[in-house]
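Here's the structure, in structure tokens; my notes come after.
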Amino acid sequence: MQRSEMEDPVADSSADDTEESTAASEMTTSPKETVTQPDGTPTSNSQAEVAEAGAPSASCDMAEELSRQLEDILSTYCHEDGGVGSEDAAVTNGQPDGVEVNGLSEKEDSKQEEPKLNGNGCTEKDQKKLQEKKKIKGLGKEITLLMQTLNTLSTPEEKLGGLCKKYAELLEEHRNAQKQMRALQKKQTQLIQEKDHLRNEHSKAILARSKLESLCRELQRHNRTLKEDGVQRARLEEEKRKEVTSHFQVTLNDIQAQMEQHNERNANLRQENMELADKLKKLIEQYELREEHIDKVFKQKDLQQQLVDAKLHQAQGLLKDSEDRHQKEKDFLLKEAAESQRMYELMKQQEVHLKQQLSLYTEKFEEFQNTLSKSNEVFTTFKQEMEKMTKKIKKLEKETTMYRSRWESSNKALLEMAEEKTLRDKDFESLQVKVQRLEKLCRALQIERNELSKKVQGVSTGVESKPETEAGSPSEATDSEEGSPVHQNSPETPQTACSPACHCTPDLEAETHREKPILLQGHERSITQIKYNREGDLLFSVAKDPIANVWYSVNGERLGTYNGHTGDTKNVLTGSADNSCRLWDCETGKQLALLETSSAVRTCGFDFSGNIIMFSTDKQMGYQCFLNYFDLRDPQQIEDNQPYLSVPCNESKITSAVWGPLGEFVIAGHENGEINQFSAKSGEILKKAKEHTKQINDIQSSVDLTMVISASKDCTAKMFDSTNLDHIRTFKTERPVNSAAISPIMDHVVMGGGQEAMEVTTTSTRIGKFEARFFHAAYEEEFGRVKGHFGPINCVAFHPDGKSYSSGGEDGYVRIHYFDPSYFDFELEV
């Protein structure tokens, strides 16, 4: 009853009965309401509830009967009118006799309105006749005016033209009047229908109100009986409840006083009840939001602690592995230091010998194949010899693998030493260049110092006057501005041209370009992928056009063009939609290998050693998706275009893939949102993860290869552990994410995406969300955005040193952004 009254804002009933009914309903439902005793002393509802325990079941049956009658009335009168009568049925108070009288009076009024309307209709006819007479009089005046205007005209043709014009105007006015009359008639019919409908609804509401008022009277009687029973029960239990009643007596007295003061304003009480209910809902919602926020904070703290523990565990494991590896290498070097030179010569001799043996075996094998094609009898005679030869070859292959592993370990040590030497050589060259330029600057400063000292001496001796000294200032500025290039071209310090591989110019120009992003324009269509090499001095970019570019990452100078989208400083591997994957020499641009496929190549990459490549093909034109592995150390695989391992993907095609740590497996993202680990040896699926709901657009690994981050069309980017694919973090946006990368030095993640390319033209740059967005890797909160692209960002990548990042967009531009010093001092406050 109380809820229906709150939902009926237009119900009109007497204030006294409504107050009694609401008070009765509240006393039986609210745990903090009071029950008034016959002597006027209020008692708590808890006493009434205790007293009710011993009451007979007749009161419960009576309440059930009354509630059933109320439901019958509401079901009959509320649901017939489609929701209109439900509001009238919500009236629970008012005097029934007065309502019946009102209903009769309303019916009589409705009956009396009809003759009044008829009478009004007669008066309207009289008014119409009067209006017609007035119109005739007005027309007579207009005719006289028309005749006067016609008399002013001289010829009959002009008079006829004037009459025609006046007739046309009157005809147009008549048509407009008819249109208005039709519209008014339509409105009149609609209003009559609405009036009939409202009368029917009003009669139904009156019937419902009368029945509800009778039901309210029965409820009031029942409530009075319940009050009397409650008072009696409360008196019996008053001694047991003294402590409780004394604690709540003050509040109950206040409530009783408020109830007595507000008996005449039941409508205001109902409004306040509604407001209190809304406030309670808001408080509950605020409490739930606060609980959710607290849970989220605890989860974030737990996740942060897990991340720190995982990082600590990984760091300890890596430290332990490095210590073990260092100890093993130390022992091995101590044992083999004395014999390294001798073993090196022996290995060279053995290598030459093994090459001779391999060439001999290959010649014998070819001869054996020729003889095999000639006769089957010869094949049977030499079969035993062939088996013996294969056994010997296996033994030799085992020996070659053993020696190869030793050779590779020694090569690794040599490569590390060579890398250290190259780094030191680069540092030495850069220092030499700086020293030369400092020497040049010192010479220029000495020349300026000599000139200034001469001028100062001239001024002190009084040779130069004041105007001359004033005129000498611009000449000094000119000398100081032009002296440095003159000194660079002087014969004392001749200029030497830098070699093409020299990086001194980009290093010097880096400081000038770090204040604003570098814009690279070398493609005609949208960028699909960008990638740094391991050293970070080169940036490779590919697009939907048939070329790829390589740039200096420091100043954005273009080095050349290739076809592909990934590479290192030695080789470049490219895949294309022309059903081919190609291997190029990075320095010369010469094609080293061509691998043809049945469908377009979607993704490709080198392992950590650079010896094994992988690439995946699309599922199209009747061909399924394959993940292929090639060993570049075996030229026969490249010549025959036969991978040593080809893994079919029947369920969903691969959209992005990267190598895992140590080159043991490949982590691939699929079109259905699944991430799998494919073994590089057997091709079987080692681990699976299904956290995304839509297609994965990009997968990138961290600098230590312990974590990977995936970008998906489901507007999220997720971070996983690369070894077991455990889900670590989730970064949410409101637009599809096309690419995401992990910072190598900070706990930051950069994400790029935006609206679909086909819908970009219908939105502005701000609505399309074409920004690069930065999130904290531990707290999953966004702390910065970088604008610049005029379309969705398709790929992002961090520089290996973590001091800059690059982004490629649908607009065909590559932007290189250098971080400000404040970025490295930034700490996110949760």
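Here, A, B, ... name the chains of the structure tokens in the order displayed, residue numbers run from 1 inside each chain, and ligands are numbered from 1 in the same displayed order.
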Using only C-alpha atoms, determine which residues lie at most 12 Å from Leu645 of chain A, disregarding the query and same-chain residues fewer than 3 positions distant; provide the list as a CSV table (one decimal) with N, CA and C atoms, in the first residue's frame.
```csv
chain,number,residue,atom,x,y,z
A,612,ILE,N,67.1,-19.0,-36.7
A,612,ILE,CA,65.9,-19.6,-37.0
A,612,ILE,C,64.8,-18.5,-37.3
A,613,ILE,N,64.1,-18.7,-38.3
A,613,ILE,CA,63.0,-17.7,-38.6
A,613,ILE,C,61.7,-18.4,-38.6
A,614,MET,N,60.6,-17.7,-38.3
A,614,MET,CA,59.3,-18.2,-38.4
A,614,MET,C,58.4,-17.2,-39.1
A,615,PHE,N,57.4,-17.7,-39.7
A,615,PHE,CA,56.3,-16.8,-40.3
A,615,PHE,C,55.1,-17.6,-40.4
A,616,SER,N,53.9,-16.9,-40.4
A,616,SER,CA,52.6,-17.5,-40.5
A,616,SER,C,51.9,-17.0,-41.7
A,626,PHE,N,49.1,-21.7,-41.6
A,626,PHE,CA,50.3,-22.5,-41.2
A,626,PHE,C,51.3,-21.6,-40.5
A,627,LEU,N,52.0,-22.2,-39.5
A,627,LEU,CA,53.1,-21.6,-38.9
A,627,LEU,C,54.4,-22.4,-39.2
A,628,ASN,N,55.3,-21.7,-40.0
A,628,ASN,CA,56.5,-22.4,-40.6
A,628,ASN,C,57.7,-22.0,-39.9
A,629,TYR,N,58.7,-23.0,-39.8
A,629,TYR,CA,60.0,-22.7,-39.1
A,629,TYR,C,61.1,-23.1,-40.2
A,630,PHE,N,62.0,-22.2,-40.4
A,630,PHE,CA,63.2,-22.5,-41.2
A,630,PHE,C,64.5,-22.2,-40.4
A,631,ASP,N,65.5,-23.1,-40.7
A,631,ASP,CA,66.8,-23.0,-40.1
A,631,ASP,C,67.7,-22.4,-41.1
A,637,GLN,N,67.2,-26.3,-46.9
A,637,GLN,CA,65.8,-26.0,-46.6
A,637,GLN,C,65.3,-24.7,-47.5
A,641,ASN,N,62.7,-24.9,-50.4
A,641,ASN,CA,61.5,-24.2,-49.9
A,641,ASN,C,60.6,-25.1,-49.0
A,642,GLN,N,61.3,-25.9,-48.2
A,642,GLN,CA,60.7,-26.9,-47.3
A,642,GLN,C,61.1,-26.6,-45.9
A,648,PRO,N,49.9,-26.7,-38.7
A,648,PRO,CA,48.6,-26.2,-39.2
A,648,PRO,C,47.8,-25.6,-38.0
A,678,PHE,N,53.5,-22.4,-29.3
A,678,PHE,CA,53.8,-23.4,-30.2
A,678,PHE,C,55.3,-23.8,-30.0
A,679,SER,N,55.6,-25.1,-29.8
A,679,SER,CA,56.9,-25.5,-29.6
A,679,SER,C,57.7,-25.4,-30.9
A,680,ALA,N,58.9,-24.9,-30.8
A,680,ALA,CA,59.8,-24.7,-32.0
A,680,ALA,C,60.4,-26.0,-32.5
A,681,LYS,N,60.3,-27.1,-31.6
A,681,LYS,CA,60.9,-28.4,-32.0
A,681,LYS,C,59.8,-29.4,-32.5
A,682,SER,N,58.7,-29.5,-31.7
A,682,SER,CA,57.7,-30.5,-32.1
A,682,SER,C,56.5,-29.8,-32.8
A,683,GLY,N,56.2,-28.6,-32.5
A,683,GLY,CA,55.0,-27.9,-33.1
A,683,GLY,C,53.8,-28.1,-32.3
A,684,GLU,N,53.9,-28.8,-31.2
A,684,GLU,CA,52.7,-29.0,-30.3
A,684,GLU,C,52.4,-27.7,-29.5
```
A straight line from atom CA of Leu289 of chain A to atom CA of His692 of chain A spans 26.3 Å
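Atom CA of Ile393 of chain A sits 16.1 Å away from atom CA of Glu367 of chain A.
The list of residues with at least one atom within 6 Å of Ser712 of chain A, based on only C-alpha atoms and without residues fewer than 4 positions apart in the same chain, reads A:Gln695, A:Ile696, A:Asn697, A:Thr716, A:Val737.
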A straight line from atom CA of Val542 of chain A to atom CA of Thr655 of chain A spans 16.3 Å
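The smallest atom-to-atom distance between Asp634 of chain A and any of A:Asn611, A:Thr588, A:Ser526, A:Gln341, using only C-alpha atoms, is found for A:Asn611.
Comparing A:Asn549, A:Gln446, A:Gln356, A:Asn738 by their smallest distance to Ala717 of chain A, the closest is A:Asn738 (using only C-alpha atoms).
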_Can you pull out the residues contacting segment 394-401 of chain A? Cut-off 12 Å, using only C-alpha atoms, and skip same-chain residues under 6 positions away; I want them as a VMD selection string._
chain A and resid 347 350 to 355 357 to 358 361 387 to 388 407 to 408
Store the residues picked out above, limited to N, CA and C atoms, as an mmCIF file, in the first residue's frame.
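Result file selection-v3.cif:
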```cif
data_model
loop_
_atom_site.group_PDB
_atom_site.id
_atom_site.type_symbol
_atom_site.label_atom_id
_atom_site.label_comp_id
_atom_site.auth_asym_id
_atom_site.auth_seq_id
_atom_site.Cartn_x
_atom_site.Cartn_y
_atom_site.Cartn_z
ATOM 1 N N MET A 347 90.240 -27.802 -34.193
ATOM 2 C CA MET A 347 88.873 -27.651 -34.705
ATOM 3 C C MET A 347 88.870 -27.186 -36.145
ATOM 4 N N GLN A 350 89.773 -30.260 -38.101
ATOM 5 C CA GLN A 350 88.628 -31.162 -38.109
ATOM 6 C C GLN A 350 87.504 -30.624 -38.991
ATOM 7 N N GLU A 351 87.315 -29.302 -38.971
ATOM 8 C CA GLU A 351 86.287 -28.718 -39.820
ATOM 9 C C GLU A 351 86.599 -28.944 -41.287
ATOM 10 N N VAL A 352 87.874 -28.718 -41.659
ATOM 11 C CA VAL A 352 88.275 -28.965 -43.057
ATOM 12 C C VAL A 352 88.077 -30.430 -43.403
ATOM 13 N N HIS A 353 88.499 -31.293 -42.493
ATOM 14 C CA HIS A 353 88.367 -32.723 -42.733
ATOM 15 C C HIS A 353 86.901 -33.134 -42.854
ATOM 16 N N LEU A 354 86.070 -32.584 -41.948
ATOM 17 C CA LEU A 354 84.642 -32.918 -41.994
ATOM 18 C C LEU A 354 83.979 -32.373 -43.261
ATOM 19 N N LYS A 355 84.413 -31.182 -43.696
ATOM 20 C CA LYS A 355 83.863 -30.664 -44.955
ATOM 21 C C LYS A 355 84.237 -31.571 -46.121
ATOM 22 N N GLN A 357 84.897 -34.729 -45.896
ATOM 23 C CA GLN A 357 84.104 -35.949 -45.760
ATOM 24 C C GLN A 357 82.664 -35.720 -46.205
ATOM 25 N N LEU A 358 82.114 -34.558 -45.810
ATOM 26 C CA LEU A 358 80.733 -34.272 -46.226
ATOM 27 C C LEU A 358 80.617 -34.144 -47.733
ATOM 28 N N TYR A 361 80.808 -37.607 -49.037
ATOM 29 C CA TYR A 361 79.563 -38.340 -48.802
ATOM 30 C C TYR A 361 78.441 -37.847 -49.711
ATOM 31 N N GLU A 387 72.721 -48.428 -45.605
ATOM 32 C CA GLU A 387 72.422 -48.402 -44.183
ATOM 33 C C GLU A 387 73.679 -48.140 -43.360
ATOM 34 N N LYS A 388 74.778 -48.814 -43.784
ATOM 35 C CA LYS A 388 76.043 -48.573 -43.084
ATOM 36 C C LYS A 388 76.458 -47.107 -43.218
ATOM 37 N N TRP A 407 81.725 -24.806 -31.051
ATOM 38 C CA TRP A 407 82.107 -23.671 -31.890
ATOM 39 C C TRP A 407 81.194 -22.462 -31.649
ATOM 40 N N GLU A 408 79.893 -22.751 -31.472
ATOM 41 C CA GLU A 408 78.958 -21.661 -31.220
ATOM 42 C C GLU A 408 79.237 -20.990 -29.875
#
```
